[in-house]
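Structure first, then comments.
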Number of protein chains: 2
Amino acid sequence: MTTTTLTPAEMADRTGVSLDTLRYYESEGLLNDVARADNGHRRYSEDDVLWVEVLRCLRDTGMTIDQLRHYCSLGAVGPSTKPQRLEILQQHRALVEQQIAERRRALDLIDHKISYYSGEDQ
Amino acid sequence: MTTTTLTPAEMADRTGVSLDTLRYYESEGLLNDVARADNGHRRYSEDDVLWVEVLRCLRDTGMTIDQLRHYCSLGAVGPSTKPQRLEILQQHRALVEQQIAERRRALDLIDHKISYYSGEDQ
DNA sequence: GAACAACCTGGAGTGCACTCCAGGTCAACC
DNA sequence: GGTTGACCTGGAGTGCACTCCAGGTTGTTC
């Protein structure tokens, strides 16, 4: 059995994250222990793909690079940091729920304006 | 009857938008025809308050300053631009719904990781 | 063996949305 | 009448998350 690995270009394709951003994440400590081919080129694993998807999910919902770095560093320490990581996720979960609530209110306001524009006068 | 007006400080207080940002919005054409006192100081109206709240709602859900400027400039033209403004709001509405959907997926992923961290091993 | 593609590194540059600052005006208070 | 506070203007600075670039290596293709 051979474990499949992805070239940088394939990784970018799979995750939708650019080559530069993948390298940037690595340099920021968000993506560690990326394998290398003999020529020094990166070789990403399926686990790396999953992890980058998690990173994107958290980034896209407003977690900063700094917070992600902290979260990753906890993971690197070992199982002893499980409670802290759980705490971070729970806090972020609450944030995402706030974002949803905020956007629901936004929809109300937008709908209000839409019906105003759709109306007869003004 | 006297129309109530707000000083810049009161306006910042009411809207939660900083003095600098209020001036910035005005300079970018997002907030037009702000009244002035005799000494040249700004005097915001209740309509200004409502409008800034709309601006913040749209900004907070990802509309850029550039897009807002365009939307405002249409408003300045007159009622003839109603269809374009309606179109912009409908497109933005769709965007906000996408954001909600994306965040729902994020919640699923976060919950999955939370249950993993809450579980027995690892 | 020249050219090309894919990658490497370190560092500089970009775009956005503010945010801060310097130097000035004006009215009110001590 | 000097100081204080709120405000004014134009312009510079900031922070974040990328994104781009120069110069170099390696491996394959004509």
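By order in the structure tokens, chains are A, B, ...; within a chain, residues start at 1; ligands start at 1, following the order shown.
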Using only C-alpha atoms (C1' of nucleotides), find each residue in chain B having at least one atom no more than 12 Å away from chain D; report its shortest atom-to-atom pair and that distance in Å (one decimal), rows by chain then rising number, as JSON lines.
{"residue": "B:Thr7", "atom": "CA", "partner": "D:DA6", "partner_atom": "C1'", "distance": 9.4}
{"residue": "B:Pro8", "atom": "CA", "partner": "D:DC7", "partner_atom": "C1'", "distance": 8.3}
{"residue": "B:Ala9", "atom": "CA", "partner": "D:DA6", "partner_atom": "C1'", "distance": 8.5}
{"residue": "B:Glu10", "atom": "CA", "partner": "D:DA6", "partner_atom": "C1'", "distance": 11.4}
{"residue": "B:Leu19", "atom": "CA", "partner": "D:DC7", "partner_atom": "C1'", "distance": 10.4}
{"residue": "B:Asp20", "atom": "CA", "partner": "D:DC7", "partner_atom": "C1'", "distance": 11.8}
{"residue": "B:Arg23", "atom": "CA", "partner": "D:DT9", "partner_atom": "C1'", "distance": 10.7}
{"residue": "B:Ser27", "atom": "CA", "partner": "D:DG10", "partner_atom": "C1'", "distance": 11.4}
{"residue": "B:Arg36", "atom": "CA", "partner": "D:DC8", "partner_atom": "C1'", "distance": 11.3}
{"residue": "B:Ala37", "atom": "CA", "partner": "D:DC7", "partner_atom": "C1'", "distance": 10.9}
{"residue": "B:Asn39", "atom": "CA", "partner": "D:DC7", "partner_atom": "C1'", "distance": 9.0}
{"residue": "B:Gly40", "atom": "CA", "partner": "D:DC8", "partner_atom": "C1'", "distance": 7.4}
{"residue": "B:His41", "atom": "CA", "partner": "D:DC7", "partner_atom": "C1'", "distance": 6.0}
{"residue": "B:Arg42", "atom": "CA", "partner": "D:DC7", "partner_atom": "C1'", "distance": 8.4}
{"residue": "B:Arg43", "atom": "CA", "partner": "D:DC7", "partner_atom": "C1'", "distance": 11.1}
**Report entry** Expected answer as a PyMOL selection string: chain C residues within 10 Å of chain B, only C-alpha atoms (C1' of nucleotides)
**Finding:** chain C and resi 16-20+25-27
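For the pair atom CA of Asp47 of chain B and atom CA of Leu107 of chain A, the separation is 20.5 Å.
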Report task. Could you please write out, as a PyMOL selection string, every residue of segment 22-112 of chain B that DSSP assigns to helix (DSSP H, G or I)? Result -> chain B and resi 22-27+46-60+65-77+79-112
**Report entry** Gly62 of chain B surroundings by only C-alpha atoms (C1' of nucleotides), 9 Å radius, close-in-sequence under 3 positions cut, as a list in words
**Finding:**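 So the residues in contact are Cys57, Leu58, Arg59, His92, Leu95 and Val96 of chain B.
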**Report entry** Interface, chain B side, toward chain A (12 Å; only C-alpha atoms) as a count of residues only
**Finding:** 59
Least-squares align chain A to chain B using all Cα atoms paired by position, then dump the moved coordinates as a compact mmCIF listing (two decimals) with N, CA, C and O atoms, in the first residue's frame.
# COMPACT_ATOMS: atom_id res chain seq x y z
N MET A 1 -42.06 73.52 16.69
CA MET A 1 -41.35 72.25 16.72
C MET A 1 -39.92 72.43 16.25
O MET A 1 -39.63 73.05 15.24
N THR A 2 -39.01 71.86 17.01
CA THR A 2 -37.62 71.88 16.59
C THR A 2 -37.17 70.45 16.30
O THR A 2 -37.43 69.55 17.07
N THR A 3 -36.52 70.29 15.17
CA THR A 3 -35.99 68.97 14.84
C THR A 3 -34.74 68.74 15.68
O THR A 3 -33.86 69.58 15.74
N THR A 4 -34.70 67.56 16.31
CA THR A 4 -33.53 67.26 17.13
C THR A 4 -32.35 66.94 16.23
O THR A 4 -32.50 66.23 15.23
N THR A 5 -31.20 67.45 16.60
CA THR A 5 -29.99 67.07 15.89
C THR A 5 -28.98 66.56 16.91
O THR A 5 -29.08 66.85 18.09
N LEU A 6 -28.04 65.79 16.39
CA LEU A 6 -27.04 65.19 17.26
C LEU A 6 -25.66 65.75 16.95
O LEU A 6 -25.32 65.95 15.78
N THR A 7 -24.89 65.98 17.97
CA THR A 7 -23.50 66.36 17.77
C THR A 7 -22.74 65.11 17.32
O THR A 7 -23.23 63.99 17.49
N PRO A 8 -21.55 65.29 16.76
CA PRO A 8 -20.74 64.13 16.35
C PRO A 8 -20.58 63.11 17.48
O PRO A 8 -20.73 61.91 17.24
N ALA A 9 -20.29 63.60 18.68
CA ALA A 9 -20.08 62.68 19.80
C ALA A 9 -21.36 61.89 20.10
O ALA A 9 -21.31 60.68 20.34
N GLU A 10 -22.50 62.59 20.05
CA GLU A 10 -23.78 61.91 20.31
C GLU A 10 -24.07 60.88 19.22
O GLU A 10 -24.55 59.78 19.49
N MET A 11 -23.73 61.27 17.99
CA MET A 11 -23.94 60.37 16.85
C MET A 11 -23.11 59.09 17.00
O MET A 11 -23.62 57.99 16.78
N ALA A 12 -21.87 59.27 17.37
CA ALA A 12 -20.98 58.13 17.56
C ALA A 12 -21.55 57.22 18.65
O ALA A 12 -21.55 55.99 18.52
N ASP A 13 -22.06 57.86 19.68
CA ASP A 13 -22.64 57.12 20.80
C ASP A 13 -23.87 56.34 20.36
O ASP A 13 -24.02 55.16 20.68
N ARG A 14 -24.72 57.00 19.62
CA ARG A 14 -25.98 56.39 19.19
C ARG A 14 -25.78 55.21 18.25
O ARG A 14 -26.43 54.17 18.35
N THR A 15 -24.86 55.41 17.31
CA THR A 15 -24.70 54.40 16.25
C THR A 15 -23.61 53.38 16.56
O THR A 15 -23.54 52.33 15.91
N GLY A 16 -22.74 53.71 17.51
CA GLY A 16 -21.62 52.82 17.77
C GLY A 16 -20.54 52.92 16.72
O GLY A 16 -19.63 52.11 16.66
N VAL A 17 -20.64 53.94 15.88
CA VAL A 17 -19.64 54.16 14.83
C VAL A 17 -18.75 55.32 15.28
O VAL A 17 -19.26 56.35 15.73
N SER A 18 -17.45 55.15 15.18
CA SER A 18 -16.53 56.17 15.69
C SER A 18 -16.60 57.47 14.90
O SER A 18 -17.03 57.49 13.75
N LEU A 19 -16.14 58.55 15.53
CA LEU A 19 -16.10 59.86 14.87
C LEU A 19 -15.32 59.78 13.56
O LEU A 19 -15.76 60.29 12.53
N ASP A 20 -14.17 59.13 13.65
CA ASP A 20 -13.32 59.02 12.46
C ASP A 20 -14.05 58.26 11.35
O ASP A 20 -13.95 58.63 10.19
N THR A 21 -14.73 57.22 11.72
CA THR A 21 -15.41 56.41 10.71
C THR A 21 -16.59 57.18 10.11
O THR A 21 -16.84 57.11 8.91
N LEU A 22 -17.29 57.94 10.93
CA LEU A 22 -18.38 58.77 10.41
C LEU A 22 -17.85 59.76 9.38
O LEU A 22 -18.43 59.93 8.31
N ARG A 23 -16.74 60.40 9.71
CA ARG A 23 -16.14 61.35 8.76
C ARG A 23 -15.66 60.62 7.52
O ARG A 23 -15.80 61.12 6.40
N TYR A 24 -15.10 59.43 7.74
CA TYR A 24 -14.61 58.63 6.61
C TYR A 24 -15.76 58.26 5.68
O TYR A 24 -15.66 58.40 4.46
N TYR A 25 -16.87 57.83 6.23
CA TYR A 25 -18.03 57.49 5.41
C TYR A 25 -18.48 58.70 4.61
O TYR A 25 -18.83 58.58 3.43
N GLU A 26 -18.50 59.84 5.26
CA GLU A 26 -18.92 61.06 4.58
C GLU A 26 -17.96 61.37 3.43
O GLU A 26 -18.39 61.68 2.32
N SER A 27 -16.67 61.25 3.71
CA SER A 27 -15.68 61.56 2.68
C SER A 27 -15.76 60.58 1.50
O SER A 27 -15.39 60.91 0.38
N GLU A 28 -16.26 59.38 1.79
CA GLU A 28 -16.38 58.36 0.75
C GLU A 28 -17.74 58.43 0.03
O GLU A 28 -18.05 57.59 -0.81
N GLY A 29 -18.55 59.39 0.42
CA GLY A 29 -19.83 59.58 -0.26
C GLY A 29 -20.92 58.64 0.21
O GLY A 29 -21.92 58.41 -0.49
N LEU A 30 -20.75 58.10 1.42
CA LEU A 30 -21.75 57.17 1.94
C LEU A 30 -22.78 57.87 2.80
O LEU A 30 -23.82 57.29 3.15
N LEU A 31 -22.48 59.11 3.13
CA LEU A 31 -23.31 59.84 4.08
C LEU A 31 -23.29 61.29 3.62
O LEU A 31 -22.33 62.02 3.86
N ASN A 32 -24.34 61.68 2.92
CA ASN A 32 -24.31 62.98 2.26
C ASN A 32 -25.19 64.02 2.94
O ASN A 32 -26.10 63.69 3.70
N ASP A 33 -24.90 65.28 2.64
CA ASP A 33 -25.70 66.40 3.09
C ASP A 33 -25.87 66.43 4.61
O ASP A 33 -26.96 66.71 5.11
N VAL A 34 -24.79 66.16 5.31
CA VAL A 34 -24.85 66.28 6.77
C VAL A 34 -24.89 67.77 7.10
O VAL A 34 -24.10 68.56 6.57
N ALA A 35 -25.85 68.15 7.96
CA ALA A 35 -26.03 69.56 8.32
C ALA A 35 -24.84 70.07 9.13
O ALA A 35 -24.08 69.27 9.70
N ARG A 36 -24.69 71.39 9.15
CA ARG A 36 -23.62 72.00 9.93
C ARG A 36 -24.18 73.09 10.83
O ARG A 36 -25.10 73.82 10.44
N ALA A 37 -23.62 73.22 12.01
CA ALA A 37 -23.96 74.34 12.89
C ALA A 37 -23.23 75.58 12.38
O ALA A 37 -22.40 75.48 11.47
N ASP A 38 -23.52 76.73 12.98
CA ASP A 38 -22.89 77.98 12.54
C ASP A 38 -21.36 77.91 12.62
O ASP A 38 -20.66 78.50 11.80
N ASN A 39 -20.88 77.19 13.61
CA ASN A 39 -19.42 77.11 13.77
C ASN A 39 -18.77 76.06 12.87
O ASN A 39 -17.59 75.78 13.00
N GLY A 40 -19.55 75.46 12.01
CA GLY A 40 -19.00 74.49 11.08
C GLY A 40 -19.05 73.06 11.57
O GLY A 40 -18.74 72.13 10.82
N HIS A 41 -19.47 72.86 12.80
CA HIS A 41 -19.56 71.51 13.35
C HIS A 41 -20.74 70.75 12.76
O HIS A 41 -21.78 71.34 12.47
N ARG A 42 -20.57 69.46 12.60
CA ARG A 42 -21.64 68.64 12.04
C ARG A 42 -22.82 68.51 13.00
O ARG A 42 -22.64 68.47 14.22
N ARG A 43 -24.00 68.40 12.39
CA ARG A 43 -25.21 68.13 13.17
C ARG A 43 -25.98 67.03 12.46
O ARG A 43 -26.48 67.24 11.35
N TYR A 44 -26.02 65.86 13.08
CA TYR A 44 -26.66 64.71 12.45
C TYR A 44 -28.14 64.67 12.78
O TYR A 44 -28.56 65.00 13.89
N SER A 45 -28.93 64.25 11.82
CA SER A 45 -30.38 64.12 12.01
C SER A 45 -30.73 62.68 12.38
O SER A 45 -29.89 61.78 12.28
N GLU A 46 -31.96 62.46 12.77
CA GLU A 46 -32.44 61.10 13.07
C GLU A 46 -32.39 60.23 11.81
O GLU A 46 -32.13 59.03 11.88
N ASP A 47 -32.64 60.88 10.68
CA ASP A 47 -32.51 60.15 9.41
C ASP A 47 -31.08 59.66 9.19
O ASP A 47 -30.85 58.56 8.70
N ASP A 48 -30.13 60.52 9.56
CA ASP A 48 -28.72 60.12 9.44
C ASP A 48 -28.46 58.89 10.31
O ASP A 48 -27.74 57.97 9.89
N VAL A 49 -29.02 58.89 11.49
CA VAL A 49 -28.85 57.73 12.39
C VAL A 49 -29.37 56.47 11.71
O VAL A 49 -28.67 55.45 11.65
N LEU A 50 -30.58 56.55 11.17
CA LEU A 50 -31.17 55.39 10.50
C LEU A 50 -30.31 54.94 9.34
O LEU A 50 -30.08 53.75 9.14
N TRP A 51 -29.82 55.91 8.58
CA TRP A 51 -29.04 55.58 7.40
C TRP A 51 -27.71 54.92 7.77
O TRP A 51 -27.30 53.94 7.14
N VAL A 52 -27.08 55.43 8.81
CA VAL A 52 -25.82 54.83 9.27
C VAL A 52 -26.07 53.41 9.75
O VAL A 52 -25.24 52.51 9.53
N GLU A 53 -27.23 53.19 10.34
CA GLU A 53 -27.55 51.82 10.77
C GLU A 53 -27.70 50.89 9.57
O GLU A 53 -27.28 49.73 9.61
N VAL A 54 -28.28 51.42 8.50
CA VAL A 54 -28.37 50.62 7.28
C VAL A 54 -26.97 50.35 6.73
O VAL A 54 -26.63 49.21 6.37
N LEU A 55 -26.15 51.40 6.68
CA LEU A 55 -24.78 51.23 6.21
C LEU A 55 -24.06 50.14 7.00
O LEU A 55 -23.42 49.25 6.43
N ARG A 56 -24.16 50.21 8.31
CA ARG A 56 -23.48 49.22 9.16
C ARG A 56 -24.00 47.81 8.90
O ARG A 56 -23.24 46.85 8.87
N CYS A 57 -25.30 47.72 8.74
CA CYS A 57 -25.91 46.42 8.47
C CYS A 57 -25.35 45.82 7.19
O CYS A 57 -24.97 44.64 7.15
N LEU A 58 -25.24 46.65 6.16
CA LEU A 58 -24.73 46.15 4.88
C LEU A 58 -23.22 45.89 4.96
O LEU A 58 -22.73 44.87 4.47
N ARG A 59 -22.49 46.78 5.60
CA ARG A 59 -21.05 46.59 5.78
C ARG A 59 -20.76 45.31 6.56
O ARG A 59 -19.91 44.52 6.18
N ASP A 60 -21.49 45.14 7.66
CA ASP A 60 -21.24 43.99 8.54
C ASP A 60 -21.56 42.67 7.87
O ASP A 60 -21.16 41.61 8.35
N THR A 61 -22.30 42.73 6.80
CA THR A 61 -22.61 41.50 6.08
C THR A 61 -21.83 41.43 4.76
O THR A 61 -22.21 40.70 3.85
N GLY A 62 -20.76 42.23 4.69
CA GLY A 62 -19.81 42.04 3.62
C GLY A 62 -19.92 42.93 2.41
O GLY A 62 -19.17 42.76 1.44
N MET A 63 -20.82 43.92 2.43
CA MET A 63 -20.83 44.85 1.30
C MET A 63 -19.63 45.77 1.46
O MET A 63 -19.36 46.26 2.55
N THR A 64 -18.89 45.98 0.37
CA THR A 64 -17.69 46.82 0.46
C THR A 64 -18.06 48.30 0.41
O THR A 64 -19.17 48.67 0.00
N ILE A 65 -17.10 49.13 0.80
CA ILE A 65 -17.28 50.57 0.74
C ILE A 65 -17.57 50.99 -0.70
O ILE A 65 -18.42 51.85 -0.95
N ASP A 66 -16.90 50.37 -1.61
CA ASP A 66 -17.08 50.67 -3.03
C ASP A 66 -18.51 50.39 -3.48
O ASP A 66 -19.12 51.20 -4.19
N GLN A 67 -19.03 49.25 -3.07
CA GLN A 67 -20.41 48.90 -3.45
C GLN A 67 -21.41 49.84 -2.77
O GLN A 67 -22.40 50.24 -3.38
N LEU A 68 -21.13 50.16 -1.53
CA LEU A 68 -22.01 51.08 -0.81
C LEU A 68 -22.01 52.44 -1.48
O LEU A 68 -23.05 53.08 -1.60
N ARG A 69 -20.83 52.88 -1.93
CA ARG A 69 -20.74 54.17 -2.61
C ARG A 69 -21.60 54.16 -3.87
O ARG A 69 -22.32 55.11 -4.17
N HIS A 70 -21.51 53.06 -4.58
CA HIS A 70 -22.31 52.93 -5.79
C HIS A 70 -23.81 53.00 -5.47
O HIS A 70 -24.57 53.71 -6.11
N TYR A 71 -24.20 52.26 -4.46
CA TYR A 71 -25.60 52.23 -4.02
C TYR A 71 -26.07 53.64 -3.64
O TYR A 71 -27.15 54.08 -4.04
N CYS A 72 -25.21 54.34 -2.90
CA CYS A 72 -25.55 55.70 -2.48
C CYS A 72 -25.66 56.65 -3.66
O CYS A 72 -26.55 57.51 -3.70
N SER A 73 -24.76 56.48 -4.60
CA SER A 73 -24.78 57.38 -5.75
C SER A 73 -26.05 57.18 -6.55
O SER A 73 -26.59 58.13 -7.12
N LEU A 74 -26.55 55.95 -6.59
CA LEU A 74 -27.82 55.70 -7.27
C LEU A 74 -28.95 56.43 -6.55
O LEU A 74 -29.83 57.01 -7.18
N GLY A 75 -28.90 56.39 -5.23
CA GLY A 75 -29.93 57.06 -4.44
C GLY A 75 -29.93 58.56 -4.69
O GLY A 75 -30.99 59.20 -4.71
N ALA A 76 -28.72 59.10 -4.91
CA ALA A 76 -28.61 60.54 -5.11
C ALA A 76 -29.19 60.97 -6.46
O ALA A 76 -29.64 62.10 -6.61
N VAL A 77 -29.18 60.05 -7.42
CA VAL A 77 -29.69 60.38 -8.75
C VAL A 77 -31.20 60.64 -8.70
O VAL A 77 -31.68 61.61 -9.28
N GLY A 78 -31.91 59.77 -8.00
CA GLY A 78 -33.35 59.97 -7.91
C GLY A 78 -34.12 58.68 -8.06
O GLY A 78 -33.53 57.60 -8.14
N PRO A 79 -35.44 58.79 -8.11
CA PRO A 79 -36.33 57.62 -8.15
C PRO A 79 -36.11 56.74 -9.38
O PRO A 79 -36.45 55.56 -9.35
N SER A 80 -35.52 57.30 -10.42
CA SER A 80 -35.35 56.53 -11.65
C SER A 80 -34.42 55.33 -11.44
O SER A 80 -34.43 54.38 -12.23
N THR A 81 -33.61 55.38 -10.40
CA THR A 81 -32.64 54.29 -10.18
C THR A 81 -33.19 53.22 -9.24
O THR A 81 -32.45 52.33 -8.82
N LYS A 82 -34.47 53.32 -8.93
CA LYS A 82 -35.08 52.34 -8.03
C LYS A 82 -34.81 50.89 -8.45
O LYS A 82 -34.41 50.07 -7.61
N PRO A 83 -34.97 50.54 -9.73
CA PRO A 83 -34.75 49.14 -10.12
C PRO A 83 -33.32 48.67 -9.83
O PRO A 83 -33.13 47.55 -9.35
N GLN A 84 -32.34 49.53 -10.12
CA GLN A 84 -30.95 49.13 -9.85
C GLN A 84 -30.72 48.90 -8.37
O GLN A 84 -30.04 47.95 -7.97
N ARG A 85 -31.28 49.78 -7.55
CA ARG A 85 -31.08 49.64 -6.11
C ARG A 85 -31.74 48.37 -5.59
O ARG A 85 -31.20 47.67 -4.75
N LEU A 86 -32.92 48.11 -6.12
CA LEU A 86 -33.63 46.87 -5.75
C LEU A 86 -32.78 45.66 -6.11
O LEU A 86 -32.61 44.73 -5.30
N GLU A 87 -32.21 45.70 -7.30
CA GLU A 87 -31.34 44.61 -7.77
C GLU A 87 -30.15 44.39 -6.84
O GLU A 87 -29.83 43.26 -6.47
N ILE A 88 -29.52 45.49 -6.44
CA ILE A 88 -28.38 45.41 -5.52
C ILE A 88 -28.79 44.75 -4.21
O ILE A 88 -28.11 43.86 -3.69
N LEU A 89 -29.93 45.17 -3.69
CA LEU A 89 -30.40 44.61 -2.41
C LEU A 89 -30.72 43.14 -2.55
O LEU A 89 -30.41 42.34 -1.66
N GLN A 90 -31.32 42.78 -3.68
CA GLN A 90 -31.67 41.37 -3.87
C GLN A 90 -30.42 40.50 -3.98
O GLN A 90 -30.37 39.41 -3.43
N GLN A 91 -29.43 41.03 -4.69
CA GLN A 91 -28.17 40.28 -4.78
C GLN A 91 -27.50 40.17 -3.42
O GLN A 91 -26.97 39.11 -3.06
N HIS A 92 -27.53 41.25 -2.68
CA HIS A 92 -26.90 41.20 -1.37
C HIS A 92 -27.66 40.27 -0.43
O HIS A 92 -27.06 39.55 0.37
N ARG A 93 -28.95 40.26 -0.57
CA ARG A 93 -29.77 39.34 0.22
C ARG A 93 -29.35 37.89 -0.01
O ARG A 93 -29.17 37.12 0.94
N ALA A 94 -29.13 37.57 -1.26
CA ALA A 94 -28.71 36.21 -1.62
C ALA A 94 -27.35 35.90 -0.99
O ALA A 94 -27.12 34.79 -0.49
N LEU A 95 -26.48 36.90 -1.00
CA LEU A 95 -25.15 36.73 -0.40
C LEU A 95 -25.26 36.43 1.09
O LEU A 95 -24.59 35.53 1.62
N VAL A 96 -26.13 37.18 1.75
CA VAL A 96 -26.29 36.99 3.20
C VAL A 96 -26.85 35.59 3.48
O VAL A 96 -26.42 34.93 4.43
N GLU A 97 -27.74 35.14 2.63
CA GLU A 97 -28.27 33.78 2.83
C GLU A 97 -27.16 32.75 2.64
O GLU A 97 -27.12 31.76 3.37
N GLN A 98 -26.28 32.99 1.69
CA GLN A 98 -25.13 32.10 1.51
C GLN A 98 -24.27 32.09 2.76
O GLN A 98 -23.77 31.04 3.18
N GLN A 99 -24.07 33.28 3.32
CA GLN A 99 -23.24 33.37 4.53
C GLN A 99 -23.85 32.57 5.66
O GLN A 99 -23.15 31.90 6.42
N ILE A 100 -25.17 32.64 5.78
CA ILE A 100 -25.85 31.87 6.83
C ILE A 100 -25.66 30.38 6.59
O ILE A 100 -25.31 29.63 7.51
N ALA A 101 -25.84 29.96 5.34
CA ALA A 101 -25.68 28.54 5.01
C ALA A 101 -24.25 28.08 5.30
O ALA A 101 -24.04 26.99 5.86
N GLU A 102 -23.29 28.92 4.93
CA GLU A 102 -21.88 28.60 5.18
C GLU A 102 -21.62 28.44 6.67
O GLU A 102 -20.92 27.52 7.10
N ARG A 103 -22.22 29.32 7.46
CA ARG A 103 -22.03 29.26 8.91
C ARG A 103 -22.74 28.07 9.54
O ARG A 103 -22.29 27.53 10.54
N ARG A 104 -23.83 27.67 8.94
CA ARG A 104 -24.50 26.45 9.44
C ARG A 104 -23.60 25.25 9.22
O ARG A 104 -23.46 24.39 10.09
N ARG A 105 -22.98 25.19 8.05
CA ARG A 105 -22.04 24.09 7.79
C ARG A 105 -20.87 24.16 8.77
O ARG A 105 -20.41 23.13 9.28
N ALA A 106 -20.42 25.39 9.05
CA ALA A 106 -19.32 25.57 10.00
C ALA A 106 -19.72 25.03 11.37
O ALA A 106 -18.94 24.35 12.03
N LEU A 107 -20.95 25.32 11.77
CA LEU A 107 -21.43 24.81 13.07
C LEU A 107 -21.37 23.29 13.11
O LEU A 107 -20.97 22.70 14.11
N ASP A 108 -21.78 22.66 12.01
CA ASP A 108 -21.73 21.20 11.94
C ASP A 108 -20.30 20.70 12.16
O ASP A 108 -20.08 19.78 12.95
N LEU A 109 -19.38 21.32 11.44
CA LEU A 109 -17.98 20.88 11.56
C LEU A 109 -17.46 21.12 12.98
O LEU A 109 -16.79 20.27 13.56
N ILE A 110 -17.77 22.29 13.52
CA ILE A 110 -17.31 22.61 14.88
C ILE A 110 -17.92 21.64 15.88
O ILE A 110 -17.22 21.12 16.76
N ASP A 111 -19.20 21.36 15.72
CA ASP A 111 -19.85 20.41 16.63
C ASP A 111 -19.20 19.04 16.54
O ASP A 111 -19.04 18.35 17.55
N HIS A 112 -18.84 18.68 15.34
CA HIS A 112 -18.18 17.40 15.13
C HIS A 112 -16.87 17.35 15.90
O HIS A 112 -16.57 16.38 16.60
N LYS A 113 -16.11 18.43 15.80
CA LYS A 113 -14.83 18.47 16.51
C LYS A 113 -15.05 18.57 18.02
O LYS A 113 -14.30 17.99 18.80
N ILE A 114 -16.07 19.30 18.42
CA ILE A 114 -16.36 19.42 19.86
C ILE A 114 -16.68 18.05 20.45
O ILE A 114 -16.16 17.68 21.51
N SER A 115 -17.48 17.28 19.74
CA SER A 115 -17.85 15.96 20.27
C SER A 115 -16.63 15.04 20.28
O SER A 115 -16.50 14.18 21.14
N TYR A 116 -15.74 15.27 19.34
CA TYR A 116 -14.49 14.51 19.29
C TYR A 116 -13.64 14.85 20.52
O TYR A 116 -13.15 13.97 21.22
N TYR A 117 -13.53 16.14 20.83
CA TYR A 117 -12.74 16.55 21.99
C TYR A 117 -13.42 16.15 23.29
O TYR A 117 -12.77 15.91 24.30
N SER A 118 -14.74 16.10 23.26
CA SER A 118 -15.47 15.73 24.48
C SER A 118 -15.45 14.23 24.72
O SER A 118 -15.71 13.77 25.82
N GLY A 119 -15.13 13.49 23.67
CA GLY A 119 -15.16 12.03 23.74
C GLY A 119 -14.07 11.46 24.63
O GLY A 119 -13.23 12.18 25.18
N GLU A 120 -14.09 10.15 24.74
CA GLU A 120 -13.17 9.45 25.63
C GLU A 120 -11.70 9.60 25.22
O GLU A 120 -10.93 10.26 25.89
N ASP A 121 -11.35 9.01 24.09
CA ASP A 121 -9.96 8.96 23.71
C ASP A 121 -9.56 10.07 22.74
O ASP A 121 -10.40 10.73 22.15
N GLN A 122 -8.26 10.22 22.56
CA GLN A 122 -7.65 11.31 21.76
C GLN A 122 -7.83 12.64 22.45
O GLN A 122 -8.46 13.52 21.94
As a short mmCIF file (atom, residue, chain, number, x, y, z; two decimals) with C-alpha atoms, in the first residue's frame, please: all residues of chain B that backbone DSSP puts in strand (DSSP E).
data_model
loop_
_atom_site.label_atom_id
_atom_site.label_comp_id
_atom_site.auth_asym_id
_atom_site.auth_seq_id
_atom_site.Cartn_x
_atom_site.Cartn_y
_atom_site.Cartn_z
CA ALA B 35 -26.03 69.54 8.31
CA ARG B 36 -23.62 71.98 9.90
CA ARG B 42 -21.64 68.62 12.01
CA ARG B 43 -25.21 68.13 13.17
#
